[in-house]
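J.: Structure file structure10.txt (compact mmCIF, C-alpha atoms and all ligand atoms) is given on the next line.
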```txt
# COMPACT_ATOMS: atom_id res chain seq x y z
CA MET W 30 15.82 17.16 5.70
CA PRO W 31 12.48 17.95 4.04
CA GLU W 32 10.35 20.05 6.39
CA LEU W 33 6.65 20.89 6.35
CA PRO W 34 6.94 23.47 3.52
CA GLU W 35 8.78 21.00 1.27
CA VAL W 36 6.19 18.30 1.97
CA GLU W 37 3.31 20.70 1.31
CA VAL W 38 4.91 21.84 -1.96
CA THR W 39 5.37 18.18 -2.94
CA ARG W 40 1.63 17.66 -2.34
CA LEU W 41 0.70 20.75 -4.38
CA SER W 42 3.06 19.74 -7.19
CA LEU W 43 1.53 16.25 -7.51
CA LEU W 44 -2.16 17.22 -7.43
CA PRO W 45 -2.58 18.50 -11.01
CA HIS W 46 -0.86 15.40 -12.44
CA VAL W 47 -2.32 12.56 -10.41
CA LEU W 48 -5.68 13.56 -8.93
CA ASN W 49 -8.55 11.48 -10.36
CA ARG W 50 -6.03 9.60 -12.52
CA ARG W 51 -5.52 5.87 -12.69
CA ILE W 52 -2.30 4.09 -11.72
CA ASP W 53 -1.66 1.96 -14.82
CA HIS W 54 1.37 0.19 -13.49
CA ALA W 55 3.48 0.14 -10.33
CA GLN W 56 6.84 -1.34 -9.47
CA VAL W 57 8.82 -1.60 -6.25
CA LEU W 58 12.53 -1.54 -7.08
CA ILE W 59 14.16 -1.34 -3.63
CA PRO W 60 11.83 -2.35 -0.76
CA LYS W 61 14.30 -1.40 1.96
CA LEU W 62 13.17 1.79 3.74
CA ARG W 63 12.53 2.76 7.35
CA TYR W 64 9.70 0.21 7.18
CA PRO W 65 10.05 -2.29 4.30
CA ILE W 66 7.66 -1.65 1.41
CA ASP W 67 4.81 -4.22 1.26
CA PRO W 68 5.96 -6.74 -1.39
CA THR W 69 2.40 -6.93 -2.77
CA LEU W 70 2.09 -3.13 -3.16
CA SER W 71 2.37 -3.14 -6.96
CA GLN W 72 -0.48 -5.66 -7.35
CA ARG W 73 -2.67 -3.90 -4.81
CA ILE W 74 -2.29 -0.39 -6.20
CA THR W 75 -2.31 -1.12 -9.96
CA GLY W 76 -5.61 -0.03 -11.51
CA ALA W 77 -6.47 2.24 -8.57
CA THR W 78 -7.68 5.82 -9.07
CA ILE W 79 -6.12 8.50 -6.85
CA THR W 80 -8.93 10.42 -5.14
CA ARG W 81 -7.13 12.59 -2.55
CA ILE W 82 -3.70 13.66 -1.33
CA GLU W 83 -3.62 15.03 2.19
CA ARG W 84 -0.82 16.19 4.45
CA ARG W 85 -0.58 15.82 8.22
CA SER W 86 2.68 17.24 9.59
CA LYS W 87 5.28 15.69 7.29
CA TYR W 88 3.16 12.66 6.28
CA LEU W 89 1.34 12.55 2.95
CA THR W 90 -1.61 10.22 2.52
CA ILE W 91 -2.47 9.29 -1.05
CA THR W 92 -6.00 7.89 -0.99
CA THR W 93 -6.99 5.65 -3.89
CA SER W 94 -10.03 3.59 -4.86
CA GLN W 95 -8.18 0.46 -3.65
CA GLY W 96 -6.53 1.63 -0.42
CA SER W 97 -4.23 4.34 0.91
CA LEU W 98 -0.52 4.94 0.62
CA MET W 99 1.16 6.93 3.37
CA VAL W 100 4.45 8.56 2.40
CA HIS W 101 7.17 10.04 4.60
CA LEU W 102 10.23 11.60 2.98
CA GLY W 103 12.53 10.83 5.90
CA MET W 104 15.91 12.60 5.61
CA THR W 105 16.46 12.60 1.85
CA GLY W 106 13.27 11.34 0.17
CA THR W 107 11.65 12.95 -2.86
CA LEU W 108 8.37 12.17 -4.55
CA THR W 109 8.45 13.65 -8.02
CA ILE W 110 6.54 13.59 -11.29
CA LYS W 111 8.62 12.75 -14.34
CA PRO W 112 7.92 11.88 -17.97
CA LEU W 113 6.98 8.21 -18.30
CA ASP W 114 10.19 7.38 -20.16
CA ALA W 115 12.60 9.24 -17.84
CA PRO W 116 15.44 6.88 -16.90
CA LEU W 117 15.30 5.34 -13.43
CA LEU W 118 17.84 6.69 -10.97
CA LYS W 119 20.08 4.86 -8.54
CA HIS W 120 17.99 5.41 -5.41
CA ASP W 121 14.52 5.11 -6.96
CA HIS W 122 12.61 2.81 -4.60
CA ALA W 123 9.30 2.70 -6.43
CA HIS W 124 7.59 4.12 -9.50
CA PHE W 125 3.96 4.45 -10.48
CA SER W 126 2.86 5.00 -14.10
CA ILE W 127 -0.01 7.46 -14.31
CA GLY W 128 -1.01 8.33 -17.90
CA GLU W 129 1.94 10.06 -19.54
CA HIS W 130 3.70 10.56 -16.20
CA SER W 131 5.69 8.52 -13.76
CA LEU W 132 5.56 9.17 -10.02
CA ARG W 133 8.95 8.31 -8.50
CA PHE W 134 9.98 7.82 -4.90
CA ASN W 135 13.73 8.30 -4.50
CA ASP W 136 15.54 8.10 -1.16
CA PRO W 137 19.35 7.68 -0.94
CA ARG W 138 19.48 7.43 2.85
CA ARG W 139 16.39 5.19 3.18
CA PHE W 140 14.79 6.83 6.23
CA GLY W 141 11.59 7.44 4.29
CA ALA W 142 8.47 5.26 4.26
CA LEU W 143 5.80 4.02 1.84
CA LEU W 144 3.07 2.36 3.88
CA TRP W 145 0.11 0.68 2.23
CA ALA W 146 -3.23 0.27 4.03
CA GLU W 147 -6.19 -1.66 2.65
CA PRO W 148 -9.57 0.14 2.84
CA GLY W 149 -10.72 0.16 6.47
CA ASN W 150 -7.23 -0.50 7.83
CA GLU W 151 -5.96 3.10 7.54
CA GLU W 152 -6.86 3.97 11.12
CA ASN W 153 -5.02 0.92 12.50
CA LEU W 154 -1.90 1.48 10.51
CA PHE W 155 -1.61 5.27 10.31
CA HIS W 156 -3.10 6.47 13.59
CA PRO W 157 -0.17 5.30 15.79
CA LEU W 158 2.17 7.48 13.70
CA LEU W 159 -0.05 10.56 13.88
CA LYS W 160 -1.62 10.46 17.32
CA LYS W 161 1.10 12.30 19.25
CA LEU W 162 1.50 15.12 16.77
CA GLY W 163 0.71 18.70 17.73
CA ILE W 164 -1.77 20.88 15.88
CA GLU W 165 -1.16 22.04 12.28
CA PRO W 166 0.24 25.60 12.05
CA PHE W 167 -2.45 26.59 9.52
CA ASP W 168 -5.29 25.08 11.56
CA PRO W 169 -7.72 27.87 12.60
CA LEU W 170 -7.36 26.54 16.16
CA PHE W 171 -3.66 27.41 16.15
CA THR W 172 -3.60 30.90 17.71
CA GLY W 173 -1.52 32.86 20.21
CA GLU W 174 -4.05 31.90 22.86
CA TYR W 175 -3.59 28.20 22.03
CA LEU W 176 0.21 28.47 22.12
CA TRP W 177 0.12 30.36 25.44
CA GLN W 178 -2.32 27.89 27.02
CA HIS W 179 -0.10 24.92 26.16
CA ALA W 180 3.34 26.49 26.58
CA ARG W 181 2.74 27.98 30.03
CA GLN W 182 2.53 24.49 31.52
CA ARG W 183 5.95 23.55 30.21
CA GLN W 184 9.39 23.84 31.80
CA GLN W 185 11.37 24.17 28.56
CA ALA W 186 12.84 27.15 26.75
CA ILE W 187 10.60 28.29 23.91
CA LYS W 188 12.80 27.22 20.97
CA PRO W 189 13.26 23.52 21.85
CA LEU W 190 9.58 23.44 22.78
CA LEU W 191 8.60 24.62 19.29
CA LEU W 192 10.97 22.08 17.71
CA SER W 193 9.53 19.19 19.72
CA GLY W 194 6.38 19.25 17.55
CA ASP W 195 4.03 18.25 20.33
CA ILE W 196 2.28 21.64 20.57
CA VAL W 197 2.50 22.66 16.92
CA VAL W 198 4.03 20.64 14.06
CA GLY W 199 6.20 21.87 11.22
CA VAL W 200 8.42 24.40 13.02
CA GLY W 201 11.81 22.95 12.04
CA ASN W 202 15.15 24.36 13.15
CA ILE W 203 15.50 27.18 10.62
CA TYR W 204 11.84 28.19 10.89
CA ALA W 205 11.97 28.28 14.70
CA SER W 206 14.95 30.69 14.77
CA GLU W 207 13.39 32.89 12.09
CA ALA W 208 9.91 33.00 13.66
CA LEU W 209 11.32 33.85 17.11
CA PHE W 210 13.31 36.70 15.57
CA LYS W 211 10.21 37.98 13.79
CA ALA W 212 8.28 37.88 17.08
CA GLY W 213 11.14 39.51 19.05
CA ILE W 214 11.38 36.61 21.51
CA LEU W 215 14.67 35.25 22.88
CA PRO W 216 14.97 31.56 21.99
CA GLN W 217 16.29 30.69 25.46
CA ARG W 218 13.36 32.36 27.27
CA SER W 219 11.37 30.02 29.47
CA ALA W 220 8.12 29.13 27.65
CA LYS W 221 5.98 29.67 30.74
CA ARG W 222 7.33 33.22 31.26
CA ILE W 223 6.21 34.64 27.93
CA ALA W 224 3.12 36.87 27.95
CA LYS W 225 0.02 35.99 25.96
CA GLU W 226 0.36 39.03 23.65
CA ARG W 227 3.84 37.89 22.69
CA TYR W 228 2.51 34.43 21.85
CA GLN W 229 0.03 36.13 19.53
CA ARG W 230 2.93 37.68 17.64
CA LEU W 231 4.75 34.33 17.65
CA ALA W 232 1.79 32.38 16.22
CA LEU W 233 1.55 34.88 13.34
CA ALA W 234 5.33 34.81 12.84
CA ILE W 235 5.30 31.00 12.59
CA GLN W 236 2.53 31.08 9.97
CA ASP W 237 4.26 33.89 8.02
CA THR W 238 7.60 32.08 7.98
CA LEU W 239 6.15 28.76 6.84
CA GLN W 240 3.87 30.40 4.27
CA GLN W 241 6.82 32.32 2.86
CA ALA W 242 8.73 29.05 2.38
CA ILE W 243 5.71 27.34 0.77
CA THR W 244 5.16 30.26 -1.60
CA LEU W 245 8.84 30.34 -2.50
CA GLY W 246 8.85 26.57 -3.01
CA GLY W 247 5.84 26.80 -5.29
CA SER W 248 7.60 29.37 -7.43
CA THR W 249 10.82 27.36 -7.66
CA LEU W 250 9.25 23.96 -8.30
CA ARG W 251 11.60 23.27 -11.19
CA ASP W 252 14.56 23.38 -8.82
CA PHE W 253 12.74 21.56 -6.08
CA GLN W 254 14.67 18.33 -6.24
CA HIS W 255 17.93 20.20 -6.61
CA GLY W 256 17.12 22.25 -3.51
CA ILE W 257 16.32 19.13 -1.52
CA GLU W 258 19.61 17.55 -2.44
CA GLN W 259 21.52 20.65 -1.45
CA ASN W 260 20.21 21.20 2.04
CA GLY W 261 16.57 20.24 2.27
CA TYR W 262 15.26 23.76 2.74
CA PHE W 263 13.85 26.42 0.48
CA GLN W 264 16.15 29.41 0.58
CA ILE W 265 13.96 31.82 2.48
CA HIS W 266 15.72 35.10 3.14
CA HIS W 267 17.22 34.39 6.55
CA GLN W 268 17.22 37.20 9.11
CA VAL W 269 19.24 35.26 11.69
CA TYR W 270 19.71 31.62 10.66
CA ASP W 271 23.30 30.81 9.65
CA ARG W 272 24.31 34.49 10.13
CA GLU W 273 26.57 34.21 13.20
CA GLN W 274 28.62 37.43 13.73
CA GLN W 275 26.94 39.13 10.78
CA PRO W 276 25.07 42.39 11.50
CA CYS W 277 21.35 42.19 12.28
CA HIS W 278 19.33 43.67 9.41
CA HIS W 279 17.37 45.77 11.95
CA CYS W 280 19.91 47.00 14.54
CA GLN W 281 23.38 46.01 13.21
CA SER W 282 24.24 44.00 16.37
CA PRO W 283 26.22 40.84 15.56
CA ILE W 284 23.93 37.78 15.35
CA ARG W 285 24.72 35.17 18.01
CA ARG W 286 24.73 31.39 17.80
CA ILE W 287 24.10 29.05 20.73
CA ARG W 288 23.36 25.33 21.08
CA GLN W 289 19.96 24.25 22.41
CA ALA W 290 19.03 20.56 22.61
CA GLN W 291 21.89 19.65 20.24
CA ARG W 292 20.71 22.13 17.59
CA SER W 293 22.12 25.50 16.54
CA THR W 294 20.02 28.52 17.42
CA PHE W 295 20.63 31.96 15.94
CA TYR W 296 19.28 35.20 17.41
CA CYS W 297 19.80 38.95 17.75
CA PRO W 298 20.67 39.93 21.36
CA GLN W 299 19.20 43.44 20.80
CA CYS W 300 15.96 42.74 18.90
CA GLN W 301 14.96 39.67 20.91
CA ARG W 302 14.23 39.68 24.63
ZN ZN W 401 18.76 43.19 15.88
```
Rewrite the structure of this file - the entire thing - as structure tokens.
Ligand SMILES: [Zn+2]

T.:
Amino acid sequence: MPELPEVEVTRLSLLPHVLNRRIDHAQVLIPKLRYPIDPTLSQRITGATITRIERRSKYLTITTSQGSLMVHLGMTGTLTIKPLDAPLLKHDHAHFSIGEHSLRFNDPRRFGALLWAEPGNEENLFHPLLKKLGIEPFDPLFTGEYLWQHARQRQQAIKPLLLSGDIVVGVGNIYASEALFKAGILPQRSAKRIAKERYQRLALAIQDTLQQAITLGGSTLRDFQHGIEQNGYFQIHHQVYDREQQPCHHCQSPIRRIRQAQRSTFYCPQCQR
């Protein structure tokens, strides 16, 4: 499943090709997605100039001179730039001709979304999807103090709390295990029993882990789609994730795996407390 780093790298990869460019032609091939694509989308967006692409959590908003398109990649979606004459693929749901390029939305499992909002209607249409989201991990307001303030009122263990996305967005399953290892915090520790100084380390570890994945994604853009199809994650060098029984790189103890909220968690019983 594409996570925040993949969505951010998608945004960065599109910008140089589509920003301030005109959509010459658009076509919806398969409208069936998590929400059906507006059947009038091609008419409404043709001729529009793309003025901004922003990301909030895993949503991308493509703002144009004629309205805004919100994109979610769901479980298997990709939004990629191809040469204009590249053949259409089986699960291409829509394509947009922009100069010598074609912007393609492909999604085999159809959990993604392409939502069109006319100017002035963005708030109505997009706000309900965004309003419950936690803060962005790269927002200057996201600090150890912020994490501590919010987490100490909660009854959950720290790892499922991070995954829930209602305090901070973008900390998917792999990134949560890796960031907790980096911060030396046991994933099953009660969120309200973790000291403020340790939350400061955790906030930095979350930013480091996500930034590492974004940087790696940027440098392997050519393989981006391939990577998504394989497992949906950039191959950051895992310290604990998917390393059950293998020796910890720091202390040689065997890495352990447990289940928390139906997800696998990996940790080092020596380095994390
Ligand atoms: Zn260790």

J.: Could you please extract the residues within 7 Å of ligand ZN 401 (chain W), counting only C-alpha atoms and all ligand atoms, and hand them back as a list of chain:residue names?

T.: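 What falls inside 7 Å of ligand ZN 401 (chain W) is W:Cys277, W:His278, W:His279, W:Cys280, W:Gln281, W:Ser282, W:Cys297, W:Pro298, W:Gln299, W:Cys300.
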
J.: Quick one: of W:Leu48, W:Leu102, W:Val57, W:Ala208, who's nearest to W:Ile82, counting all atoms listed in the file?

T.: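 That would be W:Leu48, the residue with the smallest distance to W:Ile82.
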
J.: Of the candidates W:His130, W:Arg272, W:His179, W:Arg63, which shows the shortest atom-to-atom distance to W:Val47, using all atoms listed in the file?

T.: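 Ranking W:His130, W:Arg272, W:His179, W:Arg63 by distance to W:Val47, first place goes to W:His130.
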
J.: I'd like to know which of W:Pro68, W:Gly128, W:Gly213, W:Gly201 is closest to W:Ala234, using all atoms listed in the file.

T.: W:Gly213

J.: Just want the 9 Å neighbourhood of W:Leu231, counted on only C-alpha atoms, with same-chain residues fewer than 6 positions away dropped. Output as a list in words.

T.: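 Here the qualifying residues turn out to be Gly173, Leu176, Ala208, Leu209, Lys211, Ala212, Gly213 and Ile214 of chain W.
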
J.: Just write the chosen residues, C-alpha atoms, as a PDB file, keeping the file's coordinate frame.

T.:
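Final file, out.pdb:
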```pdb
ATOM      1  CA  GLY W 173      -1.520  32.860  20.210  1.00  0.00           C
ATOM      2  CA  LEU W 176       0.210  28.470  22.120  1.00  0.00           C
ATOM      3  CA  ALA W 208       9.910  33.000  13.660  1.00  0.00           C
ATOM      4  CA  LEU W 209      11.320  33.850  17.110  1.00  0.00           C
ATOM      5  CA  LYS W 211      10.210  37.980  13.790  1.00  0.00           C
ATOM      6  CA  ALA W 212       8.280  37.880  17.080  1.00  0.00           C
ATOM      7  CA  GLY W 213      11.140  39.510  19.050  1.00  0.00           C
ATOM      8  CA  ILE W 214      11.380  36.610  21.510  1.00  0.00           C
TER       9      ILE W 214
END
```

J.: Name all residues at most 6 Å from stretch 139-141 of chain W (count only C-alpha atoms; drop same-chain ones fewer than 3 positions away) and give them as a VMD selection string.

T.: chain W and resid 62 to 63 101 to 104 106 136

J.: Quick one: axis-aligned box around all listed atoms of stretch 140-146 of chain W, 5 Å on every side, centre and edge lengths in Å to one decimal, written as AutoDock Vina command-line options.

T.:
```
--center_x 5.8 --center_y 3.9 --center_z 4.0 --size_x 28.0 --size_y 17.2 --size_z 14.4
```

J.: Which one is closest to W:Gln217: W:Arg302, W:Gly149, W:Pro65, W:Ile196? Count all atoms listed in the file.

T.: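 Closest residue, counting all atoms listed in the file: W:Arg302.
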
J.: Report, in Å to a single decimal, how far apart atom CA of W:Leu162 and atom CA of W:Asp195 are.

T.: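 If I compute the distance from atom CA of W:Asp195 to atom CA of W:Leu162, I get 5.4 Å.
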
J.: Give me, please, the distance in Å between atom CA of W:His124 and atom CA of W:Met30, quoted to one decimal.

T.: 21.7 Å

J.: At what distance in Å, to one decimal, does atom CA of W:Lys221 lie from atom CA of W:Arg183?

T.: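 Interatomic distance here is 6.1 Å.
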
J.: Go through W:Gln301, W:Thr93, W:His54, W:Ile59 one by one, measure the shortest atom-to-atom distance of each to W:Thr75 using all atoms listed in the file, and give the residue with the smallest value.

T.: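 Comparing W:Gln301, W:Thr93, W:His54, W:Ile59 against W:Thr75, the winner is W:His54.
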
J.: For W:Arg73, please output as a list of chain:residue names all residues within 10 Å (counting only C-alpha atoms; exclusion window: fewer than 6 positions along the same chain).

T.: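 Using only C-alpha atoms, the neighbours found are W:Ala55, W:Asp67, W:Gln95, W:Gly96, W:Trp145, W:Ala146, W:Glu147.
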
J.: For a quick check of understanding, using all atoms listed in the file, which of W:Val36, W:Leu144, W:Ala123, W:Val197 has the smallest distance to W:Leu58?

T.: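 Result for the nearest residue to W:Leu58: W:Ala123.
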
J.: Skipping near chain neighbours, those fewer than 3 positions away, what residues fall within 10 Å of W:Asn49 using only C-alpha atoms, listed as a ChimeraX atom specification?

T.: /W:44-46,52,77-81,93-94

J.: Which polymer residues, protein or nucleic acid, are no farther than 8 Å from (8.4, 28.2, 1.5), counting all atoms listed in the file, as an NGL selection string?

T.: :W and (34-35 or 238-247 or 263-265)
